[in-house]
file input-v3.pdb (PDB, C-alpha atoms and all ligand atoms)
ATOM      1  CA  MET A   1       2.435 -40.284 -15.834
ATOM      2  CA  SER A   2       2.975 -43.589 -13.981
ATOM      3  CA  PHE A   3       0.458 -44.641 -11.344
ATOM      4  CA  THR A   4       2.994 -44.189  -8.542
ATOM      5  CA  ALA A   5       4.049 -40.733  -9.807
ATOM      6  CA  GLU A   6       0.364 -39.792  -9.719
ATOM      7  CA  ILE A   7       0.014 -41.152  -6.158
ATOM      8  CA  TRP A   8       3.120 -39.270  -5.047
ATOM      9  CA  GLN A   9       1.840 -36.020  -6.514
ATOM     10  CA  GLU A  10      -1.575 -36.454  -4.925
ATOM     11  CA  ASN A  11       0.043 -36.933  -1.487
ATOM     12  CA  ALA A  12       2.800 -34.313  -1.866
ATOM     13  CA  ALA A  13       1.364 -31.979   0.801
ATOM     14  CA  LEU A  14       1.142 -34.850   3.277
ATOM     15  CA  PHE A  15       4.777 -35.773   2.555
ATOM     16  CA  GLU A  16       5.817 -32.158   3.182
ATOM     17  CA  THR A  17       3.957 -32.238   6.524
ATOM     18  CA  ILE A  18       5.881 -35.416   7.457
ATOM     19  CA  ARG A  19       9.228 -34.011   6.260
ATOM     20  CA  THR A  20       8.882 -30.880   8.336
ATOM     21  CA  MET A  21       7.299 -32.357  11.478
ATOM     22  CA  PRO A  22       9.219 -31.787  14.731
ATOM     23  CA  PHE A  23      10.367 -35.422  15.081
ATOM     24  CA  ASN A  24      12.110 -35.399  11.693
ATOM     25  CA  GLN A  25      13.481 -31.850  12.031
ATOM     26  CA  GLU A  26      15.058 -32.688  15.377
ATOM     27  CA  LEU A  27      16.284 -36.066  14.114
ATOM     28  CA  ALA A  28      18.085 -34.214  11.301
ATOM     29  CA  ASP A  29      19.677 -31.582  13.493
ATOM     30  CA  GLY A  30      20.588 -34.145  16.158
ATOM     31  CA  THR A  31      18.551 -32.490  18.930
ATOM     32  CA  LEU A  32      15.810 -35.131  19.223
ATOM     33  CA  SER A  33      15.731 -36.230  22.872
ATOM     34  CA  GLN A  34      16.899 -39.745  23.674
ATOM     35  CA  GLU A  35      13.582 -40.279  25.445
ATOM     36  CA  ARG A  36      11.654 -39.619  22.238
ATOM     37  CA  PHE A  37      13.995 -41.738  20.110
ATOM     38  CA  ARG A  38      13.743 -44.556  22.644
ATOM     39  CA  HIS A  39       9.940 -44.431  22.506
ATOM     40  CA  TYR A  40      10.077 -44.485  18.686
ATOM     41  CA  MET A  41      12.511 -47.403  18.592
ATOM     42  CA  ILE A  42      10.511 -49.607  20.958
ATOM     43  CA  GLN A  43       7.332 -48.923  19.012
ATOM     44  CA  ASP A  44       9.145 -49.496  15.722
ATOM     45  CA  ALA A  45      10.265 -52.939  16.901
ATOM     46  CA  HIS A  46       6.592 -53.795  17.529
ATOM     47  CA  TYR A  47       5.560 -52.293  14.196
ATOM     48  CA  LEU A  48       8.202 -54.159  12.177
ATOM     49  CA  ILE A  49       6.849 -57.529  13.306
ATOM     50  CA  ALA A  50       3.372 -56.576  12.066
ATOM     51  CA  PHE A  51       4.864 -55.167   8.879
ATOM     52  CA  GLY A  52       6.783 -58.425   8.313
ATOM     53  CA  ARG A  53       3.568 -60.433   8.736
ATOM     54  CA  ALA A  54       1.692 -58.180   6.306
ATOM     55  CA  LEU A  55       4.500 -58.573   3.728
ATOM     56  CA  ALA A  56       4.361 -62.360   4.146
ATOM     57  CA  VAL A  57       0.610 -62.270   3.387
ATOM     58  CA  ALA A  58       1.316 -60.040   0.358
ATOM     59  CA  ALA A  59       3.857 -62.669  -0.795
ATOM     60  CA  ALA A  60       1.196 -65.351  -0.463
ATOM     61  CA  LYS A  61      -1.220 -63.266  -2.590
ATOM     62  CA  ALA A  62       1.343 -62.364  -5.283
ATOM     63  CA  ASP A  63       0.514 -62.941  -8.971
ATOM     64  CA  ASN A  64       3.846 -64.467  -9.992
ATOM     65  CA  THR A  65       6.927 -66.115  -8.537
ATOM     66  CA  ASP A  66       9.173 -63.021  -8.819
ATOM     67  CA  GLU A  67       6.775 -61.108  -6.603
ATOM     68  CA  ILE A  68       6.450 -64.012  -4.121
ATOM     69  CA  VAL A  69      10.240 -63.796  -3.755
ATOM     70  CA  GLN A  70      10.196 -59.988  -3.590
ATOM     71  CA  PHE A  71       7.733 -59.776  -0.697
ATOM     72  CA  ALA A  72       8.908 -62.886   1.151
ATOM     73  CA  HIS A  73      12.373 -61.302   1.057
ATOM     74  CA  GLY A  74      10.845 -58.027   2.307
ATOM     75  CA  ALA A  75       9.236 -59.903   5.221
ATOM     76  CA  HIS A  76      12.604 -61.454   6.030
ATOM     77  CA  THR A  77      14.304 -58.035   5.928
ATOM     78  CA  ALA A  78      11.672 -56.462   8.214
ATOM     79  CA  ILE A  79      12.426 -59.082  10.884
ATOM     80  CA  ILE A  80      16.204 -58.665  10.420
ATOM     81  CA  VAL A  81      15.749 -54.894  10.926
ATOM     82  CA  GLU A  82      13.601 -55.567  13.994
ATOM     83  CA  ARG A  83      16.304 -57.798  15.482
ATOM     84  CA  SER A  84      19.035 -55.298  14.730
ATOM     85  CA  LEU A  85      17.066 -52.622  16.619
ATOM     86  CA  HIS A  86      17.439 -54.806  19.708
ATOM     87  CA  ALA A  87      21.068 -55.694  19.113
ATOM     88  CA  ASP A  88      22.277 -52.190  18.192
ATOM     89  CA  PHE A  89      20.014 -49.251  19.063
ATOM     90  CA  MET A  90      18.338 -50.639  22.171
ATOM     91  CA  GLU A  91      21.738 -51.581  23.517
ATOM     92  CA  GLN A  92      23.119 -48.113  22.668
ATOM     93  CA  PHE A  93      20.115 -46.232  24.095
ATOM     94  CA  ASN A  94      19.714 -48.369  27.215
ATOM     95  CA  VAL A  95      16.517 -50.261  26.536
ATOM     96  CA  SER A  96      16.792 -53.597  28.305
ATOM     97  CA  PRO A  97      14.984 -56.701  26.981
ATOM     98  CA  ALA A  98      12.794 -56.479  30.108
ATOM     99  CA  THR A  99      11.810 -52.857  29.323
ATOM    100  CA  PHE A 100      10.935 -53.817  25.761
ATOM    101  CA  ALA A 101       8.917 -56.831  26.897
ATOM    102  CA  ALA A 102       7.006 -54.668  29.390
ATOM    103  CA  THR A 103       6.120 -51.938  26.851
ATOM    104  CA  PRO A 104       2.860 -52.524  24.973
ATOM    105  CA  LEU A 105       2.046 -51.177  21.527
ATOM    106  CA  SER A 106       1.027 -47.513  21.789
ATOM    107  CA  PRO A 107      -2.387 -46.511  20.371
ATOM    108  CA  ALA A 108      -0.814 -45.247  17.106
ATOM    109  CA  THR A 109       1.338 -48.373  16.676
ATOM    110  CA  HIS A 110      -1.660 -50.550  17.422
ATOM    111  CA  HIS A 111      -3.730 -48.648  14.869
ATOM    112  CA  TYR A 112      -1.117 -48.795  12.074
ATOM    113  CA  SER A 113      -0.181 -52.452  12.744
ATOM    114  CA  SER A 114      -3.840 -53.522  12.863
ATOM    115  CA  TYR A 115      -4.642 -51.622   9.675
ATOM    116  CA  LEU A 116      -1.792 -53.304   7.769
ATOM    117  CA  ILE A 117      -2.594 -56.801   8.991
ATOM    118  CA  ALA A 118      -6.344 -56.450   8.419
ATOM    119  CA  THR A 119      -5.728 -55.026   4.930
ATOM    120  CA  ALA A 120      -3.193 -57.747   4.101
ATOM    121  CA  TRP A 121      -5.727 -60.479   4.895
ATOM    122  CA  SER A 122      -8.892 -58.883   3.575
ATOM    123  CA  ALA A 123      -8.012 -56.695   0.574
ATOM    124  CA  SER A 124      -7.019 -57.654  -2.970
ATOM    125  CA  TYR A 125      -3.299 -57.952  -3.829
ATOM    126  CA  PRO A 126      -3.074 -54.494  -5.533
ATOM    127  CA  VAL A 127      -4.684 -52.759  -2.544
ATOM    128  CA  VAL A 128      -2.436 -54.606  -0.079
ATOM    129  CA  LEU A 129       0.617 -53.371  -2.011
ATOM    130  CA  ALA A 130      -0.682 -49.791  -2.018
ATOM    131  CA  ALA A 131      -1.110 -49.937   1.782
ATOM    132  CA  LEU A 132       2.473 -51.214   2.183
ATOM    133  CA  LEU A 133       4.039 -48.688  -0.201
ATOM    134  CA  PRO A 134       4.225 -45.594   2.091
ATOM    135  CA  CYS A 135       6.317 -47.517   4.599
ATOM    136  CA  PHE A 136       8.961 -48.071   1.925
ATOM    137  CA  TRP A 137       8.721 -44.923  -0.132
ATOM    138  CA  ILE A 138       8.246 -42.293   2.573
ATOM    139  CA  TYR A 139      11.153 -43.731   4.592
ATOM    140  CA  ALA A 140      13.430 -43.675   1.549
ATOM    141  CA  GLU A 141      12.597 -40.021   0.805
ATOM    142  CA  ILE A 142      12.794 -38.976   4.474
ATOM    143  CA  GLY A 143      16.104 -40.849   4.865
ATOM    144  CA  ARG A 144      17.683 -38.999   1.901
ATOM    145  CA  ASP A 145      16.206 -35.650   2.949
ATOM    146  CA  ILE A 146      17.524 -35.993   6.503
ATOM    147  CA  LEU A 147      20.946 -37.168   5.294
ATOM    148  CA  ALA A 148      21.254 -34.079   3.079
ATOM    149  CA  ARG A 149      20.754 -31.725   6.041
ATOM    150  CA  ALA A 150      21.918 -33.853   8.990
ATOM    151  CA  ALA A 151      24.185 -32.280  11.570
ATOM    152  CA  LYS A 152      27.769 -33.575  11.839
ATOM    153  CA  ASN A 153      28.191 -36.248  14.541
ATOM    154  CA  ASN A 154      24.460 -36.787  14.700
ATOM    155  CA  PRO A 155      23.698 -39.357  17.459
ATOM    156  CA  TYR A 156      21.177 -40.971  15.117
ATOM    157  CA  ASP A 157      23.649 -41.418  12.203
ATOM    158  CA  SER A 158      23.191 -45.138  11.833
ATOM    159  CA  TRP A 159      19.389 -44.828  11.696
ATOM    160  CA  ILE A 160      19.751 -42.181   8.975
ATOM    161  CA  SER A 161      22.227 -44.186   6.909
ATOM    162  CA  THR A 162      19.988 -47.285   6.898
ATOM    163  CA  TYR A 163      17.182 -45.413   5.163
ATOM    164  CA  ALA A 164      19.373 -43.181   2.995
ATOM    165  CA  GLY A 165      21.483 -46.157   1.828
ATOM    166  CA  GLU A 166      21.494 -47.565  -1.709
ATOM    167  CA  GLU A 167      20.510 -51.082  -0.635
ATOM    168  CA  PHE A 168      17.249 -49.821   0.876
ATOM    169  CA  HIS A 169      16.601 -47.507  -2.104
ATOM    170  CA  ALA A 170      17.048 -50.370  -4.583
ATOM    171  CA  ALA A 171      14.398 -52.366  -2.685
ATOM    172  CA  VAL A 172      12.067 -49.347  -2.702
ATOM    173  CA  ARG A 173      12.457 -48.892  -6.476
ATOM    174  CA  GLY A 174      11.515 -52.567  -6.832
ATOM    175  CA  VAL A 175       8.311 -52.119  -4.796
ATOM    176  CA  ILE A 176       7.389 -48.980  -6.791
ATOM    177  CA  ALA A 177       7.886 -50.927 -10.067
ATOM    178  CA  THR A 178       5.659 -53.759  -8.824
ATOM    179  CA  VAL A 179       2.919 -51.344  -7.743
ATOM    180  CA  ASP A 180       3.052 -49.762 -11.239
ATOM    181  CA  ARG A 181       2.855 -53.169 -12.900
ATOM    182  CA  VAL A 182      -0.113 -54.239 -10.779
ATOM    183  CA  ALA A 183      -1.903 -50.880 -11.260
ATOM    184  CA  SER A 184      -1.452 -51.076 -15.045
ATOM    185  CA  VAL A 185      -3.645 -54.203 -15.205
ATOM    186  CA  ALA A 186      -6.094 -53.198 -12.432
ATOM    187  CA  SER A 187      -9.620 -51.846 -12.914
ATOM    188  CA  ALA A 188     -10.399 -48.165 -12.300
ATOM    189  CA  GLU A 189     -12.207 -49.173  -9.117
ATOM    190  CA  THR A 190      -9.167 -51.064  -7.815
ATOM    191  CA  ARG A 191      -6.898 -48.139  -8.659
ATOM    192  CA  ARG A 192      -9.212 -45.859  -6.703
ATOM    193  CA  ASP A 193      -9.005 -48.237  -3.709
ATOM    194  CA  MET A 194      -5.197 -48.242  -4.079
ATOM    195  CA  HIS A 195      -5.171 -44.430  -3.832
ATOM    196  CA  ILE A 196      -7.302 -44.595  -0.675
ATOM    197  CA  ALA A 197      -5.079 -47.268   0.929
ATOM    198  CA  TYR A 198      -1.884 -45.353   0.123
ATOM    199  CA  THR A 199      -3.171 -42.098   1.618
ATOM    200  CA  HIS A 200      -4.494 -43.881   4.684
ATOM    201  CA  ALA A 201      -1.154 -45.596   5.380
ATOM    202  CA  ALA A 202       0.751 -42.344   4.707
ATOM    203  CA  LYS A 203      -1.381 -40.608   7.347
ATOM    204  CA  LEU A 204      -0.595 -43.452   9.750
ATOM    205  CA  GLU A 205       3.131 -42.879   9.077
ATOM    206  CA  TRP A 206       2.618 -39.271  10.204
ATOM    207  CA  MET A 207       0.690 -40.443  13.271
ATOM    208  CA  PHE A 208       3.432 -42.918  14.146
ATOM    209  CA  TRP A 209       6.152 -40.235  14.246
ATOM    210  CA  ASP A 210       3.875 -37.742  15.939
ATOM    211  CA  SER A 211       2.913 -40.257  18.640
ATOM    212  CA  ALA A 212       6.598 -40.973  19.362
ATOM    213  CA  TYR A 213       7.249 -37.239  19.658
ATOM    214  CA  ARG A 214       4.368 -36.954  22.153
ATOM    215  CA  LEU A 215       5.582 -40.096  24.016
ATOM    216  CA  GLU A 216       2.066 -41.392  23.526
ATOM    217  CA  GLN A 217       0.586 -43.708  26.151
ATOM    218  CA  TRP A 218      -2.825 -45.306  26.523
ATOM    219  CA  PRO A 219      -5.146 -42.731  28.158
ATOM    220  CA  VAL A 220      -6.535 -45.292  30.589
TER     221      VAL A 220
HETATM  222  C1  LIG B 301       6.657 -46.910  11.185
HETATM  223  C2  LIG B 301       7.677 -47.316  10.188
HETATM  224  N1  LIG B 301       7.381 -47.199   8.879
HETATM  225  C3  LIG B 301       8.293 -47.559   7.960
HETATM  226  C4  LIG B 301       9.520 -48.089   8.322
HETATM  227  C5  LIG B 301      10.524 -48.438   7.261
HETATM  228  N2  LIG B 301      10.752 -49.847   7.043
HETATM  229  C6  LIG B 301      11.007 -50.686   8.002
HETATM  230  S1  LIG B 301      11.255 -52.294   7.428
HETATM  231  C7  LIG B 301      11.004 -51.840   5.888
HETATM  232  C8  LIG B 301      11.085 -52.777   4.761
HETATM  233  C9  LIG B 301      11.990 -53.906   4.975
HETATM  234  O1  LIG B 301      11.426 -55.067   4.522
HETATM  235  C10 LIG B 301      10.761 -50.488   5.838
HETATM  236  C11 LIG B 301      10.521 -49.794   4.597
HETATM  237  C12 LIG B 301       9.785 -48.207   9.690
HETATM  238  N3  LIG B 301      10.959 -48.674  10.154
HETATM  239  N4  LIG B 301       8.853 -47.827  10.610
END

call {"tool": "encode", "arguments": {"input": "input-v3.pdb", "output": "structure tokens"}}
result
Amino acid sequence: MSFTAEIWQENAALFETIRTMPFNQELADGTLSQERFRHYMIQDAHYLIAFGRALAVAAAKADNTDEIVQFAHGAHTAIIVERSLHADFMEQFNVSPATFAATPLSPATHHYSSYLIATAWSASYPVVLAALLPCFWIYAEIGRDILARAAKNNPYDSWISTYAGEEFHAAVRGVIATVDRVASVASAETRRDMHIAYTHAAKLEWMFWDSAYRLEQWPV
């Protein structure tokens, strides 16, 4: 079994919890409130900037030129996606630039963003990649799962098609292949740390969606 197949299997219950959580169920059936989607989108714009930075650090740590290109391109894409959130969704769901500028990172976004950036700078290349993998892989699987059961005329259609689309899936297959390559030459100790990083980031994906559903704010 490949390293990534093993990681997927180990985290299968967590994926099922994410797949069936209220945010994703309501996103699929089109009943998710605009207020919750708006909260998610603003936080996602913050998150994507941190994710882009972490990918750029991964590119700088890469073992070979193909992987420098792969992750530098990923960093570029994360920022393009962040900008398109402003140009398309925020426009459509009435989030003005002033509202975005006045909304700080929520506790969950702050936690996930800080974890990725700290890991990118301080961990070894294989562990950095394992921490970045859930963001790609879980979104690809959630995107396809939601597309398969999405209601007709779902107001969130364009969000769903981004993550269910072939272009995104091709990029995800590329990241999975790189993680398998890196794991195949890593020590047992590094592979163990990769498992820990993957599970940690996957839990933060759950927390991110859950916090949007709860319209999470700072308690003080
Ligand atoms: C919390 C959160 N996690 C994952 C993604 C998905 N995602 C966004 S950009 C990107 C890679 C592009 O380089 C991926 C996989 C998201 N949007 N928000």

call {"tool": "residues_near_ligand", "arguments": {"input": "input-v3.pdb", "ligand": "ligand LIG 301 (chain B)", "cutoff": "7 Å", "atoms": "only C-alpha atoms and all ligand atoms", "output": "list of chain:residue names"}}
result
A:Asp44, A:Tyr47, A:Leu48, A:Gly52, A:Gly74, A:Ala75, A:His76, A:Thr77, A:Ala78, A:Val81, A:Cys135, A:Phe136, A:Tyr139, A:Glu205, A:Phe208

call {"tool": "residues_around", "arguments": {"input": "input-v3.pdb", "residues": "A:Ala102", "least_positions_apart": "5", "cutoff": "12 Å", "atoms": "all atoms listed in the file", "output": "PyMOL selection string"}}
result
chain A and resi 42-43+46+95-97

call {"tool": "axis_aligned_box", "arguments": {"input": "input-v3.pdb", "around": "stretch 62-81 of chain A", "padding_each_side": "5 Å", "output": "lines of an AutoDock Vina configuration file"}}
result
center_x = 8.4
center_y = -60.5
center_z = 0.5
size_x = 25.7
size_y = 21.2
size_z = 30.9

call {"tool": "resolve_selection", "arguments": {"input": "input-v3.pdb", "expression": "the PyMOL selection byres (((chain A and resi 183) around 12) and not hetatm)", "output": "ChimeraX atom specification"}}
result
/A:2-7,124-130,176-182,184-195

call {"tool": "resolve_selection", "arguments": {"input": "input-v3.pdb", "expression": "the PyMOL selection byres (((chain A and resi 113-120) around 10) and not hetatm)", "output": "number ranges by chain"}}
result
A: 46-61, 105, 107-112, 121-125, 127-129, 131-132, 197, 200-201, 204

call {"tool": "residues_around", "arguments": {"input": "input-v3.pdb", "residues": "A:Trp8", "least_positions_apart": "5", "cutoff": "12 Å", "atoms": "only C-alpha atoms", "output": "PyMOL selection string"}}
result
chain A and resi 1-3+13-16+130+133-134+137-138+141+176+195+198-199+202

call {"tool": "closest_residue", "arguments": {"input": "input-v3.pdb", "among": "A:Asn24, A:Gln92, A:Thr17, A:Asn11", "to": "A:Ile146", "atoms": "only C-alpha atoms"}}
result
A:Asn24

call {"tool": "closest_residue", "arguments": {"input": "input-v3.pdb", "among": "A:Ala150, A:Ile80, A:Phe23, A:Val175", "to": "A:Phe37", "atoms": "all atoms listed in the file"}}
result
A:Phe23

call {"tool": "closest_residue", "arguments": {"input": "input-v3.pdb", "among": "A:Met41, A:Met90, A:Gln70, A:Ser106", "to": "A:Met207", "atoms": "only C-alpha atoms"}}
result
A:Ser106

call {"tool": "closest_residue", "arguments": {"input": "input-v3.pdb", "among": "A:Asp29, A:Gln217, A:Pro104, A:Ala140", "to": "A:Ala171", "atoms": "all atoms listed in the file"}}
result
A:Ala140

call {"tool": "atom_distance", "arguments": {"input": "input-v3.pdb", "atom1": "atom CA of A:His39", "atom2": "atom CA of A:Arg149"}}
result
23.4 Å

call {"tool": "atom_distance", "arguments": {"input": "input-v3.pdb", "atom1": "atom CA of A:Trp218", "atom2": "atom CA of A:Thr103"}}
result
11.1 Å

call {"tool": "atom_distance", "arguments": {"input": "input-v3.pdb", "atom1": "atom CA of A:Leu215", "atom2": "atom CA of A:Arg36"}}
result
6.3 Å

call {"tool": "closest_residue", "arguments": {"input": "input-v3.pdb", "among": "A:Phe71, A:Arg214, A:Phe89, A:Trp159", "to": "A:Val172", "atoms": "only C-alpha atoms"}}
result
A:Phe71

call {"tool": "closest_residue", "arguments": {"input": "input-v3.pdb", "among": "A:Pro22, A:Ala45, A:Glu167, A:Ala101", "to": "A:Ser211", "atoms": "only C-alpha atoms"}}
result
A:Pro22

call {"tool": "resolve_selection", "arguments": {"input": "input-v3.pdb", "expression": "the PyMOL selection byres (((chain A and resi 156) around 10) and not hetatm)", "output": "number ranges by chain"}}
result
A: 27-32, 34, 37, 89, 150-151, 153-155, 157-161

call {"tool": "write_last_selection", "arguments": {"input": "input-v3.pdb", "atoms": "C-alpha atoms", "output": "PDB file, in the coordinates of the input"}}
result
ATOM      1  CA  LEU A  27      16.284 -36.066  14.114  1.00  0.00           C
ATOM      2  CA  ALA A  28      18.085 -34.214  11.301  1.00  0.00           C
ATOM      3  CA  ASP A  29      19.677 -31.582  13.493  1.00  0.00           C
ATOM      4  CA  GLY A  30      20.588 -34.145  16.158  1.00  0.00           C
ATOM      5  CA  THR A  31      18.551 -32.490  18.930  1.00  0.00           C
ATOM      6  CA  LEU A  32      15.810 -35.131  19.223  1.00  0.00           C
ATOM      7  CA  GLN A  34      16.899 -39.745  23.674  1.00  0.00           C
ATOM      8  CA  PHE A  37      13.995 -41.738  20.110  1.00  0.00           C
ATOM      9  CA  PHE A  89      20.014 -49.251  19.063  1.00  0.00           C
ATOM     10  CA  ALA A 150      21.918 -33.853   8.990  1.00  0.00           C
ATOM     11  CA  ALA A 151      24.185 -32.280  11.570  1.00  0.00           C
ATOM     12  CA  ASN A 153      28.191 -36.248  14.541  1.00  0.00           C
ATOM     13  CA  ASN A 154      24.460 -36.787  14.700  1.00  0.00           C
ATOM     14  CA  PRO A 155      23.698 -39.357  17.459  1.00  0.00           C
ATOM     15  CA  ASP A 157      23.649 -41.418  12.203  1.00  0.00           C
ATOM     16  CA  SER A 158      23.191 -45.138  11.833  1.00  0.00           C
ATOM     17  CA  TRP A 159      19.389 -44.828  11.696  1.00  0.00           C
ATOM     18  CA  ILE A 160      19.751 -42.181   8.975  1.00  0.00           C
ATOM     19  CA  SER A 161      22.227 -44.186   6.909  1.00  0.00           C
TER      20      SER A 161
END

call {"tool": "decode", "arguments": {"input": "input-v3.pdb", "residues": "stretch 177-200 of chain A", "atoms": "N, CA and C atoms", "output": "compact mmCIF listing (two decimals), in the first residue's frame"}}
result
# COMPACT_ATOMS: atom_id res chain seq x y z
N ALA A 177 1.33 12.34 -5.33
CA ALA A 177 2.49 11.63 -5.90
C ALA A 177 3.79 12.13 -5.26
N THR A 178 3.88 13.44 -5.04
CA THR A 178 5.10 13.98 -4.42
C THR A 178 5.23 13.51 -2.97
N VAL A 179 4.12 13.51 -2.25
CA VAL A 179 4.17 13.03 -0.85
C VAL A 179 4.63 11.56 -0.85
N ASP A 180 4.13 10.75 -1.77
CA ASP A 180 4.56 9.34 -1.83
C ASP A 180 6.04 9.22 -2.17
N ARG A 181 6.51 10.06 -3.09
CA ARG A 181 7.93 10.01 -3.43
C ARG A 181 8.79 10.34 -2.22
N VAL A 182 8.43 11.43 -1.55
CA VAL A 182 9.21 11.91 -0.40
C VAL A 182 9.17 10.87 0.74
N ALA A 183 7.98 10.29 0.97
CA ALA A 183 7.84 9.29 2.05
C ALA A 183 8.66 8.04 1.75
N SER A 184 8.80 7.71 0.46
CA SER A 184 9.51 6.47 0.11
C SER A 184 11.00 6.54 0.43
N VAL A 185 11.55 7.75 0.57
CA VAL A 185 12.97 7.88 0.90
C VAL A 185 13.16 8.45 2.32
N ALA A 186 12.06 8.58 3.08
CA ALA A 186 12.15 9.15 4.43
C ALA A 186 12.40 8.04 5.47
N SER A 187 12.92 8.44 6.61
CA SER A 187 13.12 7.48 7.71
C SER A 187 11.77 7.14 8.34
N ALA A 188 11.75 6.07 9.14
CA ALA A 188 10.51 5.68 9.83
C ALA A 188 10.05 6.80 10.76
N GLU A 189 11.02 7.47 11.38
CA GLU A 189 10.67 8.56 12.30
C GLU A 189 10.02 9.73 11.55
N THR A 190 10.57 10.05 10.39
CA THR A 190 9.97 11.13 9.59
C THR A 190 8.57 10.74 9.13
N ARG A 191 8.42 9.49 8.71
CA ARG A 191 7.08 9.05 8.26
C ARG A 191 6.08 9.13 9.41
N ARG A 192 6.53 8.82 10.61
CA ARG A 192 5.64 8.93 11.77
C ARG A 192 5.24 10.40 11.97
N ASP A 193 6.22 11.32 11.85
CA ASP A 193 5.91 12.75 11.99
C ASP A 193 4.97 13.23 10.88
N MET A 194 5.10 12.63 9.69
CA MET A 194 4.20 12.98 8.58
C MET A 194 2.76 12.57 8.91
N HIS A 195 2.61 11.38 9.49
CA HIS A 195 1.26 10.93 9.90
C HIS A 195 0.66 11.92 10.90
N ILE A 196 1.48 12.33 11.87
CA ILE A 196 0.98 13.24 12.92
C ILE A 196 0.57 14.58 12.29
N ALA A 197 1.40 15.11 11.40
CA ALA A 197 1.11 16.40 10.77
C ALA A 197 -0.16 16.32 9.92
N TYR A 198 -0.31 15.22 9.17
CA TYR A 198 -1.50 15.07 8.33
C TYR A 198 -2.77 15.08 9.20
N THR A 199 -2.75 14.27 10.25
CA THR A 199 -3.96 14.16 11.10
C THR A 199 -4.27 15.49 11.77
N HIS A 200 -3.21 16.18 12.20
CA HIS A 200 -3.41 17.47 12.86
C HIS A 200 -4.08 18.46 11.89
